[in-house]
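What follows is the content of query_36.txt (compact mmCIF, C-alpha atoms).
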# COMPACT_ATOMS: atom_id res chain seq x y z
CA MET A 153 -24.57 -94.47 217.53
CA LYS A 154 -25.65 -97.14 215.04
CA ASP A 155 -27.32 -100.27 216.35
CA PRO A 156 -25.04 -103.34 216.40
CA ALA A 157 -26.73 -105.03 213.44
CA GLU A 158 -25.99 -102.01 211.24
CA LYS A 159 -22.62 -101.04 212.68
CA PHE A 160 -21.17 -104.54 212.57
CA MET A 161 -22.70 -105.78 209.31
CA PRO A 162 -19.31 -106.22 207.57
CA LEU A 163 -18.01 -108.36 210.44
CA ALA A 164 -21.26 -110.34 210.61
CA GLU A 165 -20.97 -111.01 206.86
CA GLU A 166 -17.42 -112.32 207.32
CA VAL A 167 -18.61 -114.62 210.11
CA ALA A 168 -21.52 -115.75 207.93
CA ASP A 169 -19.25 -116.51 204.96
CA ARG A 170 -16.78 -118.49 207.05
CA ALA A 171 -19.44 -120.42 208.94
CA ARG A 172 -21.44 -121.26 205.83
CA ARG A 173 -18.44 -122.34 203.76
CA ALA A 174 -17.12 -124.51 206.59
CA GLY A 175 -20.56 -125.95 207.28
CA LEU A 176 -20.46 -124.81 210.90
CA SER A 177 -23.35 -123.70 213.06
CA VAL A 178 -22.80 -120.82 215.50
CA ALA A 179 -24.31 -119.79 218.83
CA ALA A 180 -23.76 -116.93 221.27
CA ALA A 181 -23.94 -116.51 225.04
CA GLU A 182 -23.90 -112.99 226.31
CA SER A 183 -24.22 -111.16 229.55
CA LEU A 184 -22.70 -107.72 229.27
CA THR A 185 -24.07 -107.11 225.75
CA SER A 186 -27.68 -108.06 226.59
CA GLY A 187 -28.50 -109.43 223.15
CA ALA A 188 -26.53 -106.96 221.01
CA LEU A 189 -24.09 -109.66 219.89
CA SER A 190 -26.89 -112.01 218.81
CA ASN A 191 -28.57 -109.08 217.08
CA ALA A 192 -25.42 -108.47 215.05
CA LEU A 193 -24.95 -112.17 214.20
CA GLY A 194 -28.59 -112.57 213.21
CA ALA A 195 -28.18 -109.83 210.64
CA GLY A 196 -25.52 -111.86 208.83
CA HIS A 197 -26.27 -113.24 205.37
CA GLU A 198 -28.56 -116.29 205.45
CA ALA A 199 -28.34 -116.47 209.25
CA SER A 200 -31.03 -119.14 209.35
CA GLU A 201 -28.55 -121.53 207.74
CA TRP A 202 -25.72 -121.14 210.29
CA PHE A 203 -26.83 -119.16 213.38
CA ARG A 204 -28.42 -121.46 215.98
CA GLY A 205 -29.32 -118.60 218.32
CA GLY A 206 -28.18 -116.88 221.46
CA ILE A 207 -28.80 -116.89 225.17
CA VAL A 208 -28.74 -113.67 227.15
CA ALA A 209 -27.53 -114.84 230.54
CA TYR A 210 -27.53 -111.58 232.43
CA ALA A 211 -28.40 -112.95 235.88
CA GLU A 212 -25.75 -115.04 237.62
CA GLU A 213 -28.31 -117.80 238.24
CA VAL A 214 -28.94 -118.08 234.49
CA LYS A 215 -25.22 -118.38 233.81
CA ARG A 216 -24.93 -121.13 236.38
CA ASP A 217 -28.24 -123.01 236.07
CA VAL A 218 -28.77 -122.80 232.30
CA LEU A 219 -25.25 -122.67 230.87
CA GLY A 220 -23.36 -124.59 233.53
CA VAL A 221 -20.95 -121.90 234.72
CA THR A 222 -18.93 -123.06 237.73
CA ALA A 223 -16.39 -120.22 237.81
CA GLU A 224 -16.15 -118.49 241.18
CA SER A 225 -16.36 -115.10 239.47
CA VAL A 226 -18.76 -114.40 236.61
CA THR A 227 -16.36 -111.69 235.48
CA SER A 228 -13.54 -114.02 234.48
CA ALA A 229 -11.94 -115.86 231.59
CA GLN A 230 -13.17 -119.15 233.04
CA CYS A 231 -16.75 -117.87 233.04
CA ALA A 232 -16.47 -116.73 229.41
CA ARG A 233 -15.11 -120.14 228.37
CA GLU A 234 -17.87 -121.94 230.26
CA LEU A 235 -20.50 -119.69 228.70
CA ALA A 236 -19.18 -120.49 225.23
CA THR A 237 -19.02 -124.24 225.76
CA GLY A 238 -22.36 -124.24 227.58
CA VAL A 239 -24.25 -122.46 224.82
CA ALA A 240 -22.63 -124.61 222.13
CA ARG A 241 -23.79 -127.73 223.99
CA LEU A 242 -27.26 -126.38 224.78
CA LEU A 243 -28.00 -125.16 221.25
CA GLY A 244 -26.14 -127.91 219.40
CA ALA A 245 -23.69 -125.54 217.71
CA ASP A 246 -20.27 -126.35 216.25
CA ALA A 247 -18.94 -122.95 217.31
CA ALA A 248 -19.90 -120.37 219.91
CA VAL A 249 -18.84 -117.00 221.16
CA ALA A 250 -19.48 -115.63 224.64
CA VAL A 251 -18.94 -112.37 226.50
CA THR A 252 -19.10 -111.33 230.14
CA GLY A 253 -17.81 -108.32 232.01
CA VAL A 254 -18.48 -104.98 233.62
CA GLY A 255 -20.06 -102.29 231.46
CA GLY A 256 -19.97 -99.68 234.17
CA PRO A 257 -20.11 -96.96 235.06
CA GLU A 258 -19.15 -98.46 238.44
CA PRO A 259 -16.90 -101.44 239.19
CA ALA A 260 -18.60 -104.79 239.85
CA ASP A 261 -17.55 -108.26 240.95
CA GLY A 262 -14.16 -106.86 241.97
CA ALA A 263 -13.40 -105.63 238.44
CA PRO A 264 -13.25 -102.07 237.09
CA ALA A 265 -15.76 -100.81 234.54
CA GLY A 266 -14.74 -101.75 231.03
CA THR A 267 -13.36 -105.16 232.04
CA VAL A 268 -14.48 -107.71 229.45
CA TYR A 269 -13.82 -111.40 228.92
CA ALA A 270 -14.72 -113.08 225.65
CA ALA A 271 -14.34 -116.68 224.61
CA VAL A 272 -14.80 -118.71 221.48
CA THR A 273 -15.13 -122.43 221.01
CA VAL A 274 -14.97 -124.25 217.70
CA ARG A 275 -15.49 -128.02 217.71
CA GLY A 276 -14.16 -128.37 221.24
CA GLU A 277 -11.19 -125.99 220.94
CA THR A 278 -11.81 -123.09 223.34
CA ARG A 279 -9.88 -119.94 224.06
CA SER A 280 -10.55 -116.72 225.91
CA VAL A 281 -9.37 -113.13 225.69
CA HIS A 282 -9.35 -110.29 228.23
CA TYR A 283 -10.13 -106.74 227.14
CA ARG A 284 -10.24 -103.40 228.92
CA PHE A 285 -12.43 -100.83 227.17
CA GLU A 286 -12.88 -97.16 228.01
CA GLY A 287 -16.10 -95.18 227.80
CA ASP A 288 -19.63 -95.18 229.06
CA PRO A 289 -21.60 -98.42 229.29
CA SER A 290 -23.01 -98.19 225.76
CA GLU A 291 -19.51 -97.64 224.34
CA VAL A 292 -18.20 -100.64 226.28
CA VAL A 293 -21.06 -102.76 224.88
CA HIS A 294 -20.33 -101.68 221.30
CA GLU A 295 -16.59 -102.29 221.71
CA THR A 296 -17.37 -105.71 223.16
CA VAL A 297 -19.64 -106.70 220.26
CA GLY A 298 -16.96 -105.73 217.74
CA ALA A 299 -14.24 -107.59 219.63
CA ALA A 300 -16.40 -110.71 219.99
CA LEU A 301 -17.28 -110.75 216.30
CA ARG A 302 -13.60 -110.44 215.36
CA LEU A 303 -12.69 -113.21 217.82
CA LEU A 304 -15.33 -115.50 216.31
CA ARG A 305 -14.42 -114.61 212.73
CA ASP A 306 -10.74 -115.35 213.35
CA ALA A 307 -11.54 -118.70 215.02
CA LEU A 308 -13.56 -119.94 212.04
CA PRO A 309 -11.76 -121.45 209.04
CA PRO A 310 -10.82 -118.75 206.51
CA VAL A 311 -12.66 -118.60 203.22
CA ALA A 312 -10.49 -120.22 200.55
Rewrite the structure from the file as structure tokens, please.
Amino acid sequence: MKDPAEKFMPLAEEVADRARRAGLSVAAAESLTSGALSNALGAGHEASEWFRGGIVAYAEEVKRDVLGVTAESVTSAQCARELATGVARLLGADAAVAVTGVGGPEPADGAPAGTVYAAVTVRGETRSVHYRFEGDPSEVVHETVGAALRLLRDALPPVA
């Protein structure tokens, strides 16, 4: 399987084009993907101009203490939204994408393996999406990275 930077290069380029043309900076907060989402974003064209960085908040304490998550469950839409708004605030970004969930192979936090929540925030407008992916943990991670990149791309202003 290709690494995320290579596999998702076309999506990362679309995010880069939209962010750069709109003059928006982007950040990422990720749990489930352990840095794979930031890796893919950082490979986008001229990332130093628009990508502020990412925070891998794998431990629950990091989600809560660093990014301000208050959600009862860290596998929830509320958690994903709070991760996105928290990383945007912390890194001074106009837009942010965040993912949390259960990669598997076993259920966790009361959710089955493959349960994923993603959120995007752009200048204060935040929305979340729930996904259910099949496969082993690495497949769930790759599916999550692709879904998060598409969610971010679609939230950014289209290139005119």
Once you count only C-alpha atoms, which residues end up no further than 12 Å from (-29.1, -128.4, 220.5) in the file's frame, shown as a PDB file with C-alpha atoms, in the frame of the given file?
ATOM      1  CA  SER A 177     -23.350-123.700 213.060  1.00  0.00           C
ATOM      2  CA  VAL A 178     -22.800-120.820 215.500  1.00  0.00           C
ATOM      3  CA  ALA A 179     -24.310-119.790 218.830  1.00  0.00           C
ATOM      4  CA  PHE A 203     -26.830-119.160 213.380  1.00  0.00           C
ATOM      5  CA  ARG A 204     -28.420-121.460 215.980  1.00  0.00           C
ATOM      6  CA  GLY A 205     -29.320-118.600 218.320  1.00  0.00           C
ATOM      7  CA  GLY A 206     -28.180-116.880 221.460  1.00  0.00           C
ATOM      8  CA  GLY A 238     -22.360-124.240 227.580  1.00  0.00           C
ATOM      9  CA  VAL A 239     -24.250-122.460 224.820  1.00  0.00           C
ATOM     10  CA  ALA A 240     -22.630-124.610 222.130  1.00  0.00           C
ATOM     11  CA  ARG A 241     -23.790-127.730 223.990  1.00  0.00           C
ATOM     12  CA  LEU A 242     -27.260-126.380 224.780  1.00  0.00           C
ATOM     13  CA  LEU A 243     -28.000-125.160 221.250  1.00  0.00           C
ATOM     14  CA  GLY A 244     -26.140-127.910 219.400  1.00  0.00           C
ATOM     15  CA  ALA A 245     -23.690-125.540 217.710  1.00  0.00           C
ATOM     16  CA  ASP A 246     -20.270-126.350 216.250  1.00  0.00           C
ATOM     17  CA  ALA A 247     -18.940-122.950 217.310  1.00  0.00           C
TER      18      ALA A 247
END
Practice task
Between A:Ala270, A:Glu201, A:Val297, A:Ala188, single out the one closest to A:Leu176, counting only C-alpha atoms.
Solution key: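 Of all the options, A:Glu201 lies closest to A:Leu176.
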Surrounding residues of A:Ala271 excluding itself and chain neighbours under 3 positions, 6 Å, all atoms listed in the file, as a tab-separated table (two decimals) with C-alpha atoms, keeping the file's coordinate frame:
chain	number	residue	atom	x	y	z
A	232	ALA	CA	-16.47	-116.73	229.41
A	233	ARG	CA	-15.11	-120.14	228.37
A	249	VAL	CA	-18.84	-117.00	221.16
A	250	ALA	CA	-19.48	-115.63	224.64
A	279	ARG	CA	-9.88	-119.94	224.06
A	280	SER	CA	-10.55	-116.72	225.91
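Closest to A:Ser228 among A:Pro289, A:Gly196, A:Gly262, A:Gly256 is A:Gly262, based on all atoms listed in the file.
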Practice task
Counting all atoms listed in the file, figure out which residue out of A:Tyr210, A:Gly287, A:Glu166, A:His282 gets nearest to A:Ala263.
Solution key: A:His282
Handout entry: Using all atoms listed in the file: which of A:Val274, A:Val292, A:Val251, A:Ala265 has the shortest distance to A:Ala171
Key = A:Val274
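What separates atom CA of A:Ala223 from atom CA of A:Pro309 is a distance of 29.2 Å.
Taking atom CA of A:Ala209 and atom CA of A:Ala181 as the two end points, the separation is 6.8 Å.
Minimum atom-to-atom distances from A:Leu184, A:Ala248, A:Val221, A:Ala199 to A:Thr278 were compared using all atoms listed in the file, and the lowest value belongs to A:Ala248.
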Name the residues in contact with A:Pro162 at a cut-off of 12 Å, using all atoms listed in the file, excluding same-chain residues fewer than 3 positions from it; report them as a PDB file with C-alpha atoms, in the coordinates of the input.
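Printed below is around-v2.pdb as written:
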ATOM      1  CA  PRO A 156     -25.040-103.340 216.400  1.00  0.00           C
ATOM      2  CA  ALA A 157     -26.730-105.030 213.440  1.00  0.00           C
ATOM      3  CA  GLU A 158     -25.990-102.010 211.240  1.00  0.00           C
ATOM      4  CA  LYS A 159     -22.620-101.040 212.680  1.00  0.00           C
ATOM      5  CA  GLU A 165     -20.970-111.010 206.860  1.00  0.00           C
ATOM      6  CA  GLU A 166     -17.420-112.320 207.320  1.00  0.00           C
ATOM      7  CA  VAL A 167     -18.610-114.620 210.110  1.00  0.00           C
ATOM      8  CA  ALA A 168     -21.520-115.750 207.930  1.00  0.00           C
ATOM      9  CA  ASP A 169     -19.250-116.510 204.960  1.00  0.00           C
ATOM     10  CA  ALA A 192     -25.420-108.470 215.050  1.00  0.00           C
ATOM     11  CA  LEU A 193     -24.950-112.170 214.200  1.00  0.00           C
ATOM     12  CA  ALA A 195     -28.180-109.830 210.640  1.00  0.00           C
ATOM     13  CA  GLY A 196     -25.520-111.860 208.830  1.00  0.00           C
ATOM     14  CA  HIS A 197     -26.270-113.240 205.370  1.00  0.00           C
ATOM     15  CA  GLY A 298     -16.960-105.730 217.740  1.00  0.00           C
ATOM     16  CA  LEU A 301     -17.280-110.750 216.300  1.00  0.00           C
ATOM     17  CA  ARG A 302     -13.600-110.440 215.360  1.00  0.00           C
ATOM     18  CA  ARG A 305     -14.420-114.610 212.730  1.00  0.00           C
TER      19      ARG A 305
END
How about completing stretch 232-245 of chain A with N, CA and C atoms and giving it to me as a compact mmCIF listing (two decimals), keeping the file's coordinate frame?
# COMPACT_ATOMS: atom_id res chain seq x y z
N ALA A 232 -16.26 -116.92 230.85
CA ALA A 232 -16.47 -116.73 229.41
C ALA A 232 -16.32 -118.06 228.68
N ARG A 233 -15.30 -118.84 229.02
CA ARG A 233 -15.11 -120.14 228.37
C ARG A 233 -16.28 -121.08 228.66
N GLU A 234 -16.74 -121.08 229.90
CA GLU A 234 -17.87 -121.94 230.26
C GLU A 234 -19.17 -121.48 229.60
N LEU A 235 -19.34 -120.19 229.43
CA LEU A 235 -20.50 -119.69 228.70
C LEU A 235 -20.47 -120.17 227.25
N ALA A 236 -19.30 -120.08 226.63
CA ALA A 236 -19.18 -120.49 225.23
C ALA A 236 -19.44 -121.98 225.07
N THR A 237 -18.82 -122.80 225.89
CA THR A 237 -19.02 -124.24 225.76
C THR A 237 -20.44 -124.64 226.17
N GLY A 238 -21.00 -123.95 227.14
CA GLY A 238 -22.36 -124.24 227.58
C GLY A 238 -23.39 -123.94 226.51
N VAL A 239 -23.27 -122.80 225.85
CA VAL A 239 -24.25 -122.46 224.82
C VAL A 239 -24.07 -123.33 223.59
N ALA A 240 -22.84 -123.70 223.27
CA ALA A 240 -22.63 -124.61 222.13
C ALA A 240 -23.31 -125.95 222.41
N ARG A 241 -23.15 -126.45 223.62
CA ARG A 241 -23.79 -127.73 223.99
C ARG A 241 -25.30 -127.59 223.98
N LEU A 242 -25.82 -126.56 224.63
CA LEU A 242 -27.26 -126.38 224.78
C LEU A 242 -27.96 -126.19 223.44
N LEU A 243 -27.35 -125.45 222.54
CA LEU A 243 -28.00 -125.16 221.25
C LEU A 243 -27.51 -126.06 220.12
N GLY A 244 -26.62 -126.98 220.43
CA GLY A 244 -26.14 -127.91 219.40
C GLY A 244 -25.34 -127.23 218.31
N ALA A 245 -24.49 -126.30 218.68
CA ALA A 245 -23.69 -125.54 217.71
C ALA A 245 -22.27 -126.08 217.63
